[in-house]
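**Student:** Input structure: final_14.cif, which contains mmCIF, C-alpha atoms.
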```cif
data_coords
loop_
_atom_site.label_atom_id
_atom_site.label_comp_id
_atom_site.auth_asym_id
_atom_site.auth_seq_id
_atom_site.Cartn_x
_atom_site.Cartn_y
_atom_site.Cartn_z
CA VAL K 1038 68.90 -1.33 80.20
CA ASN K 1039 66.75 -1.48 77.04
CA TYR K 1040 64.97 -4.83 76.78
CA TYR K 1041 65.54 -4.95 73.01
CA THR K 1042 69.35 -4.72 73.32
CA PHE K 1043 69.45 -8.39 74.35
CA ILE K 1044 67.60 -9.50 71.15
CA PRO K 1045 69.62 -10.01 67.97
CA ASN K 1046 68.89 -7.57 65.15
CA GLN K 1047 67.42 -10.16 62.78
CA HIS K 1048 65.15 -11.53 65.50
CA LEU K 1049 64.10 -8.01 66.41
CA SER K 1050 62.98 -7.29 62.88
CA ILE K 1051 60.84 -10.48 62.79
CA LEU K 1052 59.27 -9.62 66.14
CA LEU K 1053 58.33 -6.13 65.00
CA VAL K 1054 56.63 -7.51 61.89
CA HIS K 1055 54.54 -9.95 64.01
CA ILE K 1056 53.55 -7.18 66.38
CA LEU K 1057 52.48 -4.95 63.48
CA VAL K 1058 50.40 -7.73 61.78
CA SER K 1059 48.70 -8.60 65.09
CA PHE K 1060 47.82 -4.96 65.70
CA MET K 1061 46.28 -4.48 62.22
CA SER K 1062 44.21 -7.70 62.43
CA ASN K 1063 42.55 -6.49 65.63
CA GLN K 1064 41.39 -3.22 64.03
CA LYS K 1065 37.85 -2.96 62.45
CA ILE K 1066 38.02 -2.22 58.78
CA GLN K 1067 36.09 0.95 58.07
CA LYS K 1068 33.67 0.77 55.15
CA PRO K 1069 33.94 3.55 52.60
CA THR K 1070 31.31 6.28 53.09
CA LEU K 1071 30.06 9.14 51.01
CA THR K 1072 29.71 12.38 52.85
CA GLY K 1073 28.16 15.58 51.64
CA GLN K 1074 26.42 13.86 48.66
CA ARG K 1075 22.98 15.25 47.66
CA PHE K 1076 20.51 13.49 45.39
CA LYS K 1077 18.07 15.35 43.13
CA THR K 1078 14.35 14.45 43.35
CA ARG K 1079 12.88 13.49 40.01
CA LYS K 1080 10.59 16.15 38.65
CA ARG K 1081 7.65 13.77 38.33
CA ASP K 1082 8.00 12.86 42.05
CA GLU K 1083 7.77 16.45 43.23
CA LYS K 1084 4.35 17.20 44.78
CA LYS K 1085 2.91 20.34 43.28
CA VAL K 1086 1.02 22.71 45.52
CA PHE K 1087 -2.57 23.33 44.38
CA ASP K 1088 -2.63 27.04 43.68
CA PRO K 1089 -5.22 28.16 41.12
CA THR K 1090 -4.50 31.89 41.57
CA GLN K 1091 -1.93 32.23 38.76
CA PHE K 1092 -4.02 29.96 36.51
CA GLN K 1093 -7.07 32.11 37.12
CA GLU K 1094 -5.22 35.34 36.43
CA THR K 1095 -3.97 33.99 33.10
CA ILE K 1096 -7.45 32.83 31.99
CA VAL K 1097 -9.15 36.03 33.15
CA GLN K 1098 -6.54 38.18 31.37
CA GLY K 1099 -7.06 36.20 28.15
CA LEU K 1100 -10.86 36.48 28.34
CA ASN K 1101 -10.65 40.22 28.99
CA GLN K 1102 -8.53 40.57 25.85
CA THR K 1103 -10.83 38.46 23.63
CA GLY K 1104 -13.95 40.15 25.04
CA SER K 1105 -17.34 39.04 23.71
CA ASP K 1106 -15.87 37.56 20.50
CA LEU K 1107 -16.61 33.87 21.18
CA ASP K 1108 -14.60 32.66 18.19
CA ALA K 1109 -11.58 34.42 19.67
CA VAL K 1110 -12.40 32.93 23.08
CA ALA K 1111 -12.43 29.42 21.59
CA LYS K 1112 -9.05 30.00 19.89
CA PHE K 1113 -7.55 31.42 23.09
CA LEU K 1114 -8.73 28.38 25.12
CA ASP K 1115 -7.43 25.99 22.47
CA ALA K 1116 -3.96 27.57 22.47
CA SER K 1117 -3.78 27.99 26.27
CA GLY K 1118 -4.33 24.28 26.86
CA ALA K 1119 -0.81 23.61 25.61
CA LYS K 1120 0.71 25.90 28.26
CA LEU K 1121 -1.69 25.71 31.20
CA ASP K 1122 -2.61 22.71 33.38
CA TYR K 1123 -6.27 22.27 32.35
CA ARG K 1124 -6.36 18.79 33.85
CA ARG K 1125 -5.43 20.06 37.32
CA TYR K 1126 -7.49 23.25 37.27
CA ALA K 1127 -10.56 22.09 35.29
CA GLU K 1128 -13.04 23.26 37.94
CA THR K 1129 -11.43 26.70 38.08
CA LEU K 1130 -11.51 26.95 34.28
CA PHE K 1131 -15.22 26.11 34.02
CA ASP K 1132 -16.14 28.36 36.97
CA ILE K 1133 -14.52 31.30 35.17
CA LEU K 1134 -16.16 30.54 31.81
CA VAL K 1135 -19.61 30.28 33.43
CA ALA K 1136 -19.54 32.76 36.32
CA GLY K 1137 -16.48 34.95 35.62
CA GLY K 1138 -14.48 33.74 38.63
CA MET K 1139 -14.05 30.94 41.13
CA LEU K 1140 -17.27 29.96 42.89
CA ALA K 1141 -17.48 29.51 46.64
CA PRO K 1142 -19.82 26.85 48.12
CA GLY K 1143 -23.41 27.93 47.50
CA GLY K 1144 -22.69 29.65 44.20
CA THR K 1145 -21.32 33.03 45.24
CA LEU K 1146 -18.12 34.39 43.67
CA SER K 1147 -14.97 34.36 45.81
CA ASP K 1148 -14.21 37.96 46.82
CA ASP K 1149 -10.44 37.82 46.93
CA LEU K 1150 -9.68 36.67 43.40
CA THR K 1151 -9.59 38.16 39.93
CA ARG K 1152 -12.78 38.10 37.84
CA THR K 1153 -13.86 38.77 34.29
CA GLU K 1154 -17.03 40.34 32.95
CA PHE K 1155 -16.89 38.16 29.84
CA CYS K 1156 -18.63 34.91 30.83
CA LEU K 1157 -21.89 33.01 30.37
CA PHE K 1158 -23.68 34.74 33.24
CA THR K 1159 -23.03 38.23 31.83
CA ALA K 1160 -23.95 37.29 28.25
CA GLN K 1161 -27.24 38.13 26.55
CA GLU K 1162 -30.17 35.97 27.65
CA ASP K 1163 -31.23 34.47 24.33
CA LEU K 1164 -31.07 31.09 22.65
CA GLU K 1165 -28.68 32.16 19.89
CA THR K 1166 -26.06 33.40 22.37
CA MET K 1167 -26.39 30.23 24.44
CA GLN K 1168 -25.90 28.13 21.29
CA ALA K 1169 -22.68 30.07 20.62
CA TYR K 1170 -21.46 29.40 24.17
CA ALA K 1171 -22.33 25.72 23.76
CA GLN K 1172 -20.01 25.68 20.75
CA VAL K 1173 -17.19 27.15 22.85
CA PHE K 1174 -17.53 24.34 25.42
CA ASN K 1175 -17.94 21.73 22.68
CA LYS K 1176 -14.74 22.81 20.89
CA LEU K 1177 -12.78 22.93 24.15
CA ILE K 1178 -13.82 19.42 25.20
CA ARG K 1179 -13.31 17.94 21.75
CA ARG K 1180 -9.78 19.37 21.78
CA TYR K 1181 -9.02 18.23 25.34
CA LYS K 1182 -11.02 15.02 25.84
CA TYR K 1183 -9.84 14.60 29.43
CA LEU K 1184 -12.03 17.60 30.37
CA GLU K 1185 -15.23 15.68 29.54
CA LYS K 1186 -15.75 14.15 32.99
CA GLY K 1187 -14.75 17.35 34.77
CA PHE K 1188 -17.27 19.33 32.72
CA GLU K 1189 -20.14 17.00 33.69
CA GLU K 1190 -19.12 17.31 37.35
CA GLU K 1191 -19.11 21.10 36.93
CA ILE K 1192 -22.67 21.11 35.54
CA LYS K 1193 -23.86 18.88 38.41
CA LYS K 1194 -22.29 21.31 40.88
CA LEU K 1195 -23.79 24.36 39.17
CA LEU K 1196 -27.27 22.81 39.33
CA LEU K 1197 -26.87 22.30 43.07
CA PHE K 1198 -25.87 26.00 43.37
CA LEU K 1199 -28.98 27.28 41.55
CA LYS K 1200 -30.37 29.09 44.58
CA GLY K 1201 -27.18 31.18 44.71
CA PHE K 1202 -27.70 32.50 41.17
CA THR K 1203 -30.03 35.22 39.91
CA GLU K 1204 -33.10 34.28 37.84
CA SER K 1205 -31.37 35.51 34.68
CA GLU K 1206 -28.25 33.43 35.44
CA ARG K 1207 -30.41 30.35 36.05
CA ASN K 1208 -32.22 30.88 32.75
CA LYS K 1209 -28.95 31.10 30.80
CA LEU K 1210 -27.57 28.01 32.50
CA ALA K 1211 -30.83 26.14 31.79
CA MET K 1212 -30.75 27.02 28.09
CA LEU K 1213 -27.08 26.07 27.80
CA THR K 1214 -27.67 22.75 29.60
CA GLY K 1215 -30.63 21.93 27.33
CA ILE K 1216 -28.52 22.55 24.21
CA LEU K 1217 -25.63 20.46 25.54
CA LEU K 1218 -28.02 17.60 26.38
CA ALA K 1219 -29.65 17.77 22.94
CA ASN K 1220 -26.26 17.48 21.23
CA GLY K 1221 -25.04 14.66 23.48
CA ASN K 1222 -22.23 16.72 25.02
CA ILE K 1223 -23.28 15.68 28.52
CA SER K 1224 -25.30 12.80 29.98
CA ALA K 1225 -28.87 13.28 31.22
CA SER K 1226 -27.69 11.80 34.54
CA ILE K 1227 -26.63 15.35 35.51
CA LEU K 1228 -30.35 16.08 36.01
CA ASN K 1229 -30.19 14.10 39.27
CA SER K 1230 -29.00 17.35 40.87
CA LEU K 1231 -32.43 18.88 40.22
CA TYR K 1232 -34.00 16.40 42.64
CA ASN K 1233 -32.24 18.11 45.53
CA GLU K 1234 -34.87 18.53 48.27
CA ASN K 1235 -34.32 22.28 48.80
CA LEU K 1236 -34.41 23.08 45.08
CA VAL K 1237 -37.61 21.06 44.64
CA LYS K 1238 -39.28 22.53 47.72
CA GLU K 1239 -38.76 26.14 46.61
CA GLY K 1240 -39.88 25.51 43.02
CA VAL K 1241 -36.42 26.22 41.59
CA SER K 1242 -36.12 22.78 39.95
CA ALA K 1243 -39.43 22.97 38.08
CA ALA K 1244 -38.80 26.52 36.81
CA PHE K 1245 -35.27 25.56 35.68
CA ALA K 1246 -36.65 22.42 33.96
CA VAL K 1247 -39.05 24.51 31.86
CA LYS K 1248 -36.20 26.53 30.30
CA LEU K 1249 -34.00 23.47 29.97
CA PHE K 1250 -36.57 21.27 28.18
CA LYS K 1251 -37.68 24.13 25.93
CA SER K 1252 -34.15 24.64 24.60
CA TRP K 1253 -33.64 20.84 24.35
CA ILE K 1254 -36.80 20.30 22.30
CA HIS K 1255 -36.06 23.41 20.21
CA GLU K 1256 -32.62 21.98 19.41
CA LYS K 1257 -33.91 18.42 18.70
CA ASP K 1258 -37.36 17.00 19.61
CA ILE K 1259 -39.29 15.16 22.32
CA ASN K 1260 -37.93 11.81 21.07
CA SER K 1261 -34.41 12.99 21.91
CA VAL K 1262 -35.58 13.88 25.43
CA ALA K 1263 -37.39 10.56 25.86
CA GLY K 1264 -34.44 8.48 24.61
CA SER K 1265 -31.89 10.24 26.82
CA LEU K 1266 -34.06 10.01 29.94
CA ARG K 1267 -34.75 6.30 29.37
CA LYS K 1268 -31.04 5.64 28.88
CA VAL K 1269 -30.27 6.82 32.43
CA GLY K 1270 -33.48 5.48 34.01
CA MET K 1271 -35.03 8.90 34.61
CA ASP K 1272 -38.06 8.63 32.30
CA ASN K 1273 -40.35 7.83 35.26
CA ARG K 1274 -38.94 10.45 37.63
CA LEU K 1275 -40.15 13.72 36.09
CA LEU K 1276 -42.90 14.14 38.68
CA GLU K 1277 -40.17 14.36 41.35
CA LEU K 1278 -39.43 17.89 40.13
CA PHE K 1279 -42.35 18.90 42.38
CA PRO K 1280 -42.72 18.56 46.16
CA ALA K 1281 -44.70 15.57 47.47
CA ASN K 1282 -47.95 17.53 47.94
CA LYS K 1283 -47.91 18.53 44.23
CA ARG K 1284 -46.46 15.32 42.80
CA SER K 1285 -49.35 14.26 40.55
CA CYS K 1286 -49.70 13.70 36.83
CA GLU K 1287 -52.46 16.35 36.69
CA HIS K 1288 -50.31 19.06 38.34
CA PHE K 1289 -47.29 18.19 36.18
CA SER K 1290 -49.41 18.25 33.01
CA LYS K 1291 -50.98 21.63 33.80
CA TYR K 1292 -47.68 23.25 34.87
CA PHE K 1293 -45.73 22.25 31.76
CA THR K 1294 -48.64 22.64 29.32
CA ASP K 1295 -49.18 26.22 30.58
CA ALA K 1296 -45.43 26.79 30.05
CA GLY K 1297 -45.77 25.69 26.39
CA LEU K 1298 -44.43 22.16 26.84
CA LYS K 1299 -47.45 19.99 26.04
CA GLU K 1300 -45.17 17.39 24.41
CA LEU K 1301 -43.37 16.90 27.72
CA SER K 1302 -46.70 16.72 29.58
CA ASP K 1303 -47.95 14.01 27.22
CA PHE K 1304 -44.69 12.10 27.59
CA ALA K 1305 -44.88 12.23 31.40
CA ARG K 1306 -48.52 11.12 31.33
CA ASN K 1307 -47.65 8.22 29.06
CA GLN K 1308 -44.75 7.19 31.32
CA GLN K 1309 -47.03 7.39 34.33
CA ALA K 1310 -49.52 5.11 32.57
CA ILE K 1311 -46.74 2.63 31.72
CA GLY K 1312 -45.67 2.64 35.36
CA SER K 1313 -49.26 2.04 36.49
CA ARG K 1314 -49.63 -0.86 34.05
CA LYS K 1315 -46.42 -2.46 35.32
CA GLU K 1316 -47.65 -2.17 38.90
CA LEU K 1317 -51.03 -3.61 37.90
CA GLN K 1318 -49.37 -6.55 36.13
CA LYS K 1319 -47.24 -7.21 39.21
CA GLU K 1320 -50.34 -7.12 41.44
CA LEU K 1321 -52.23 -9.51 39.13
CA GLN K 1322 -49.37 -12.02 39.22
CA GLU K 1323 -49.22 -11.84 43.02
CA GLN K 1324 -52.99 -12.43 43.25
CA MET K 1325 -52.72 -15.47 40.97
CA GLU K 1326 -49.80 -16.86 42.95
CA ARG K 1327 -51.82 -16.48 46.15
CA GLY K 1328 -54.72 -18.30 44.51
CA ASP K 1329 -57.21 -15.42 44.93
CA ALA K 1330 -60.73 -16.02 43.58
CA PHE K 1331 -61.27 -14.86 39.99
CA LYS K 1332 -64.14 -12.59 41.04
CA ASP K 1333 -61.79 -10.74 43.43
CA ILE K 1334 -59.04 -10.44 40.81
CA ILE K 1335 -61.55 -9.15 38.22
CA ALA K 1336 -63.06 -6.64 40.65
CA SER K 1337 -59.60 -5.34 41.63
CA ALA K 1338 -58.54 -5.02 37.97
CA ARG K 1339 -61.69 -3.12 37.02
CA GLU K 1340 -61.16 -0.73 39.89
CA GLU K 1341 -57.63 -0.02 38.62
CA MET K 1342 -58.98 0.47 35.09
CA LYS K 1343 -61.32 3.14 36.35
CA LYS K 1344 -58.74 4.75 38.62
CA ASN K 1345 -56.00 4.99 35.96
CA ASN K 1346 -58.24 5.39 32.90
CA ILE K 1347 -57.09 2.09 31.38
CA SER K 1348 -59.03 0.78 28.38
CA GLU K 1349 -60.22 -2.81 28.05
CA GLN K 1350 -57.82 -3.34 25.13
CA THR K 1351 -54.91 -2.33 27.34
CA MET K 1352 -56.20 -4.45 30.21
CA ILE K 1353 -56.51 -7.67 28.18
CA GLY K 1354 -52.88 -7.24 27.15
CA ILE K 1355 -51.88 -6.90 30.82
CA VAL K 1356 -53.98 -9.91 31.84
CA TRP K 1357 -52.53 -12.10 29.05
CA THR K 1358 -48.95 -11.16 30.01
CA SER K 1359 -49.67 -11.80 33.69
CA VAL K 1360 -51.29 -15.18 33.03
CA MET K 1361 -48.37 -16.33 30.86
CA SER K 1362 -45.59 -14.86 33.02
CA TYR K 1363 -46.03 -16.50 36.36
CA VAL K 1364 -45.67 -20.08 35.05
CA GLU K 1365 -42.38 -21.89 34.53
CA TRP K 1366 -42.91 -23.47 31.12
CA ASN K 1367 -41.59 -26.84 30.01
CA LYS K 1368 -38.69 -26.54 27.57
CA LYS K 1369 -39.82 -29.52 25.50
CA GLU K 1370 -42.08 -28.49 22.62
CA GLU K 1371 -44.17 -31.68 22.72
CA LEU K 1372 -44.99 -31.10 26.42
CA VAL K 1373 -45.40 -27.30 26.53
CA THR K 1374 -48.58 -27.32 24.40
CA GLU K 1375 -50.32 -29.67 26.78
CA GLN K 1376 -49.15 -27.54 29.73
CA ALA K 1377 -50.37 -24.33 28.06
CA ILE K 1378 -53.80 -25.77 27.24
CA LYS K 1379 -54.31 -26.93 30.82
CA HIS K 1380 -53.12 -23.57 32.24
CA LEU K 1381 -55.20 -21.38 29.89
CA LYS K 1382 -58.31 -23.51 30.39
CA GLN K 1383 -58.02 -22.73 34.09
CA TYR K 1384 -57.63 -18.97 33.49
CA SER K 1385 -60.07 -18.56 30.59
CA PRO K 1386 -62.71 -16.93 32.87
CA LEU K 1387 -60.18 -14.18 33.67
CA LEU K 1388 -59.47 -13.60 29.97
CA LYS K 1389 -63.18 -13.67 29.14
CA ALA K 1390 -63.90 -10.89 31.66
CA PHE K 1391 -61.86 -8.42 29.56
CA THR K 1392 -62.86 -9.38 26.00
CA SER K 1393 -66.37 -7.94 25.85
CA GLN K 1394 -65.40 -5.84 22.81
CA GLY K 1395 -64.30 -7.03 19.37
CA ALA K 1396 -61.20 -4.80 19.52
CA SER K 1397 -60.16 -6.51 22.77
CA GLU K 1398 -60.45 -9.94 21.12
CA ILE K 1399 -58.33 -8.83 18.18
CA LEU K 1400 -55.69 -7.41 20.51
CA LEU K 1401 -55.64 -10.68 22.47
CA LEU K 1402 -55.09 -12.64 19.24
CA VAL K 1403 -52.22 -10.35 18.29
CA LYS K 1404 -50.67 -10.72 21.76
CA MET K 1405 -50.98 -14.50 21.43
CA GLN K 1406 -49.34 -14.41 17.98
CA GLU K 1407 -46.42 -12.32 19.26
CA TYR K 1408 -45.98 -14.49 22.34
CA CYS K 1409 -45.89 -17.75 20.38
CA TYR K 1410 -43.39 -16.24 17.95
CA ASP K 1411 -41.11 -14.76 20.64
CA ASN K 1412 -41.14 -18.03 22.64
CA ILE K 1413 -40.04 -20.63 20.10
CA HIS K 1414 -41.39 -23.62 22.09
CA PHE K 1415 -44.91 -22.24 21.47
CA MET K 1416 -44.61 -21.99 17.66
CA ASN K 1417 -46.76 -25.11 17.15
CA SER K 1418 -49.17 -24.27 19.98
CA PHE K 1419 -50.88 -21.20 18.49
CA GLN K 1420 -53.77 -22.93 16.70
CA LYS K 1421 -54.57 -25.16 19.68
CA ILE K 1422 -54.67 -22.15 22.01
CA VAL K 1423 -57.00 -20.27 19.65
CA VAL K 1424 -59.37 -23.24 19.43
CA LEU K 1425 -59.38 -23.59 23.24
CA LEU K 1426 -60.27 -19.92 23.77
CA TYR K 1427 -62.91 -20.12 21.01
CA LYS K 1428 -64.59 -23.02 22.80
CA ALA K 1429 -64.34 -21.13 26.12
CA ASP K 1430 -66.19 -18.13 24.56
CA VAL K 1431 -63.17 -15.88 25.02
CA LEU K 1432 -62.76 -15.43 21.23
CA SER K 1433 -65.58 -15.12 18.70
CA GLU K 1434 -65.49 -16.44 15.14
CA GLU K 1435 -65.80 -12.86 13.84
CA ALA K 1436 -62.65 -11.83 15.68
CA ILE K 1437 -60.74 -14.91 14.50
CA LEU K 1438 -61.75 -14.38 10.87
CA LYS K 1439 -60.86 -10.70 11.01
CA TRP K 1440 -57.47 -11.52 12.55
CA TYR K 1441 -56.87 -14.12 9.81
CA THR K 1442 -57.75 -11.82 6.89
CA GLU K 1443 -56.40 -8.44 7.97
CA ALA K 1444 -55.53 -7.91 11.63
CA HIS K 1445 -52.56 -10.25 12.06
CA VAL K 1446 -49.03 -8.88 12.48
CA ALA K 1447 -45.81 -9.82 10.70
CA LYS K 1448 -44.30 -12.02 13.42
CA GLY K 1449 -44.57 -15.66 12.28
CA ARG K 1450 -47.40 -14.73 9.94
CA SER K 1451 -46.91 -17.48 7.35
CA VAL K 1452 -46.52 -20.19 10.01
CA PHE K 1453 -49.57 -19.18 12.03
CA LEU K 1454 -51.82 -18.54 9.03
CA GLU K 1455 -50.98 -22.01 7.75
CA GLN K 1456 -51.77 -23.49 11.16
CA MET K 1457 -55.12 -21.70 11.22
CA LYS K 1458 -56.13 -22.48 7.61
CA LYS K 1459 -58.30 -25.57 8.28
CA PHE K 1460 -59.95 -24.10 11.36
CA VAL K 1461 -60.76 -20.87 9.50
CA GLU K 1462 -62.28 -22.89 6.64
CA TRP K 1463 -64.38 -24.77 9.18
CA LEU K 1464 -65.53 -21.46 10.71
CA LYS K 1465 -66.48 -20.09 7.30
CA ASN K 1466 -68.43 -23.24 6.39
CA ALA K 1467 -70.18 -23.21 9.75
CA GLU K 1468 -71.09 -19.55 9.21
CA GLU K 1469 -72.46 -20.28 5.71
CA GLU K 1470 -74.52 -23.22 7.01
CA SER K 1471 -75.89 -21.06 9.78
CA GLU K 1472 -76.90 -18.37 7.28
CA SER K 1473 -78.58 -20.99 5.04
CA GLU K 1474 -80.53 -22.36 8.00
CA GLU K 1475 -81.68 -18.85 8.89
CA GLU K 1476 -82.81 -18.18 5.28
CA GLU K 1477 -84.77 -21.48 5.24
CA ALA K 1478 -86.37 -20.60 8.54
CA ASP K 1479 -87.45 -17.24 7.11
#
```
Can the structure from this file be put into structure tokens for me?

**Tutor:**
Amino acid sequence: VNYYTFIPNQHLSILLVHILVSFMSNQKIQKPTLTGQRFKTRKRDEKKVFDPTQFQETIVQGLNQTGSDLDAVAKFLDASGAKLDYRRYAETLFDILVAGGMLAPGGTLSDDLTRTEFCLFTAQEDLETMQAYAQVFNKLIRRYKYLEKGFEEEIKKLLLFLKGFTESERNKLAMLTGILLANGNISASILNSLYNENLVKEGVSAAFAVKLFKSWIHEKDINSVAGSLRKVGMDNRLLELFPANKRSCEHFSKYFTDAGLKELSDFARNQQAIGSRKELQKELQEQMERGDAFKDIIASAREEMKKNNISEQTMIGIVWTSVMSYVEWNKKEELVTEQAIKHLKQYSPLLKAFTSQGASEILLLVKMQEYCYDNIHFMNSFQKIVVLLYKADVLSEEAILKWYTEAHVAKGRSVFLEQMKKFVEWLKNAEEESESEEEEAD
């Protein structure tokens, strides 16, 4: 007998509803899902594979079509930058323009890629052609400024690869680099590559430097070279173009003078002298700080003068700077004069040792004038210092009078001449009295 036959119809309906509700409440509700949906990756998020082959083929084809017409080359490069990824393939681009194809480590051309015969290394080896190539690079970088850094890195790399190039290729690269440096297209810091030990040892660096500096000076002058080298702190490193056993001012001077670069030789010699003077000044200050005897300091200084061919006029300038540099001066004007007088009285024997000539005395007076002007707390101390050194026989009346009438410099002139007026009048009167006494004695 069916169980449900004993339940009334209306009760049966209610029971079925309860059963259905209970069943549905015990079931987990399935969350909606998306199946088969694919999302596109944004174009900017796609990682491009580095493949310079197609880029190289396009550049080589364009250069083969333009040939040796460098104006056409410049126009082709300008237009191609809008279609090709110069930013990504800058090294490849510059390799092709210089060597005709991609360079392998060491400077050899890669064998498996397309090349062109129309490049810097196959061009004529003369200054005019190299100037024309410099214009091509200049126009390209001015048009696409982001290539500037990549171009400098390329030149640094090429300099490290010099041994892999022929002598003619090195000469062309040297001339081009000199022109680019003269016109400010690249920084002189790229020359650091020339200090590579292997290049220096085999004489490659020095030979390359001759061609480079010749084209640089031809394009501008030695002042351009000096300014650029100083800017990157390389003005004192020229001797490093030679191996250690040849690293002397004499060898450098002879090598570059014989190559027709006497201006560069003179510059290097002058820089070497400046370096020697700085070292001497440092040594003098250390001797004073240690409290070495004046006779030992004087003997050491004279030995350096002889060794480095330093004149007495130069030496008195070094001594004055050393004497004044190692003291911490009082910032109060009324106290600094007293401090200076006491200090200079102590070191007057050292100053006297290097003022045996009138020119040395004049130079000392000028150094004193400049120092008192540059250090404002000493503005009112000048006359007192002069009088002190006059009494200590460091300065003669002849030197003081000559400085007063004609040998002074512009710095603080009116102030210092006014300070010295009464003392100069006293010197003149004393000189006249002395002459009168001599005439009476005669």

**Student:** Could you work out how far CA of Pro1280 (chain K) lies from CA of Lys1238 (chain K), giving the answer in Å with one decimal?

**Tutor:**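 Spanning CA of Lys1238 (chain K) to CA of Pro1280 (chain K) is a straight-line distance of 5.5 Å.
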
**Student:** When you count all atoms listed in the file, which of these residues is closest to Pro1089 (chain K): K:Thr1203, K:Asn1282, K:Thr1103, K:Thr1129?

**Tutor:**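 Smallest separation from Pro1089 (chain K) among the options: K:Thr1129.
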
**Student:** Can you list what the PyMOL selection byres ((chain K and resi 1332-1349) around 9) grabs from this structure, as a PyMOL selection string?

**Tutor:** chain K and resi 1310+1313-1314+1317+1321+1324-1325+1329-1331+1350-1354+1387+1390-1394+1396-1397

**Student:** Got time to write the residues from that selection, C-alpha atoms, as an mmCIF file, keeping the file's coordinate frame?

**Tutor:**
```cif
data_model
loop_
_atom_site.group_PDB
_atom_site.id
_atom_site.type_symbol
_atom_site.label_atom_id
_atom_site.label_comp_id
_atom_site.auth_asym_id
_atom_site.auth_seq_id
_atom_site.Cartn_x
_atom_site.Cartn_y
_atom_site.Cartn_z
ATOM 1 C CA ALA K 1310 -49.520 5.110 32.570
ATOM 2 C CA SER K 1313 -49.260 2.040 36.490
ATOM 3 C CA ARG K 1314 -49.630 -0.860 34.050
ATOM 4 C CA LEU K 1317 -51.030 -3.610 37.900
ATOM 5 C CA LEU K 1321 -52.230 -9.510 39.130
ATOM 6 C CA GLN K 1324 -52.990 -12.430 43.250
ATOM 7 C CA MET K 1325 -52.720 -15.470 40.970
ATOM 8 C CA ASP K 1329 -57.210 -15.420 44.930
ATOM 9 C CA ALA K 1330 -60.730 -16.020 43.580
ATOM 10 C CA PHE K 1331 -61.270 -14.860 39.990
ATOM 11 C CA GLN K 1350 -57.820 -3.340 25.130
ATOM 12 C CA THR K 1351 -54.910 -2.330 27.340
ATOM 13 C CA MET K 1352 -56.200 -4.450 30.210
ATOM 14 C CA ILE K 1353 -56.510 -7.670 28.180
ATOM 15 C CA GLY K 1354 -52.880 -7.240 27.150
ATOM 16 C CA LEU K 1387 -60.180 -14.180 33.670
ATOM 17 C CA ALA K 1390 -63.900 -10.890 31.660
ATOM 18 C CA PHE K 1391 -61.860 -8.420 29.560
ATOM 19 C CA THR K 1392 -62.860 -9.380 26.000
ATOM 20 C CA SER K 1393 -66.370 -7.940 25.850
ATOM 21 C CA GLN K 1394 -65.400 -5.840 22.810
ATOM 22 C CA ALA K 1396 -61.200 -4.800 19.520
ATOM 23 C CA SER K 1397 -60.160 -6.510 22.770
#
```

**Student:** Apply the PyMOL selection byres ((chain K and resi 1359-1375) around 6) to the file shown and report the selected residues as a list in words.

**Tutor:**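 On this input, the PyMOL selection byres ((chain K and resi 1359-1375) around 6) captures Gln1318, Gln1322, Val1356, Trp1357, Thr1358, Gln1376, Ala1377, Ile1378, His1414 and Ser1418 of chain K.
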
**Student:** Using Å and a single decimal, report how far CA of Gly1215 (chain K) sits from CA of Phe1250 (chain K).

**Tutor:**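 Between CA of Phe1250 (chain K) and CA of Gly1215 (chain K) the gap works out to 6.0 Å.
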
**Student:** For the PyMOL selection byres ((chain K and resi 1263) around 12), applied here, can you spell out every residue it catches as an NGL selection string?

**Tutor:** :K and (1218-1219 or 1225 or 1250 or 1253-1254 or 1257-1262 or 1264-1275 or 1300-1305 or 1307-1308)

**Student:** Report, in Å to a single decimal, how far apart CA of Lys1176 (chain K) and CA of Ala1111 (chain K) are.

**Tutor:**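 For CA of Ala1111 (chain K) relative to CA of Lys1176 (chain K), the distance reads 7.0 Å.
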
**Student:** Taking all atoms listed in the file into account, name the residue in K:Asp1115, K:Asp1295, K:Asp1088, K:Glu1234 that is nearest to Ala1281 (chain K).

**Tutor:**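 The closest residue to Ala1281 (chain K) is K:Glu1234.
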
**Student:** Between K:Val1431, K:Val1423, K:Ile1178, K:Leu1164, which residue has the minimum interatomic distance to Met1405 (chain K), considering all atoms listed in the file?

**Tutor:** K:Val1423

**Student:** Produce a table with one row for each residue of region 1332-1401 of chain K that has an atom at most 9 Å from any atom of region 1432-1436 of chain K, each row naming the nearest atom pair and its distance in Å at one decimal; use all atoms listed in the file; arrange rows by chain and rising residue number; format as CSV.

**Tutor:**
```
residue,atom,partner,partner_atom,distance
K:Lys1389,CA,K:Leu1432,CA,8.1
K:Thr1392,CA,K:Leu1432,CA,7.7
K:Gly1395,CA,K:Ala1436,CA,6.3
K:Ala1396,CA,K:Ala1436,CA,8.1
K:Glu1398,CA,K:Leu1432,CA,6.0
K:Ile1399,CA,K:Ala1436,CA,5.8
K:Leu1401,CA,K:Leu1432,CA,8.6
```

**Student:** Which one is closest to Leu1231 (chain K): K:Ala1136, K:Leu1196, K:Ala1119, K:Ala1244? Count only C-alpha atoms.

**Tutor:** K:Leu1196

**Student:** Write out as a list of chain:residue names which residues come within 8 Å of region 1166-1172 of chain K when counting all atoms listed in the file, dropping same-chain ones fewer than 2 positions away.

**Tutor:**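 Here the answer would be K:Leu1107, K:Leu1157, K:Ala1160, K:Gln1161, K:Glu1162, K:Asp1163, K:Leu1164, K:Phe1174, K:Asn1175, K:Lys1176, K:Lys1209, K:Met1212, K:Leu1213, K:Ile1216, K:Leu1217.
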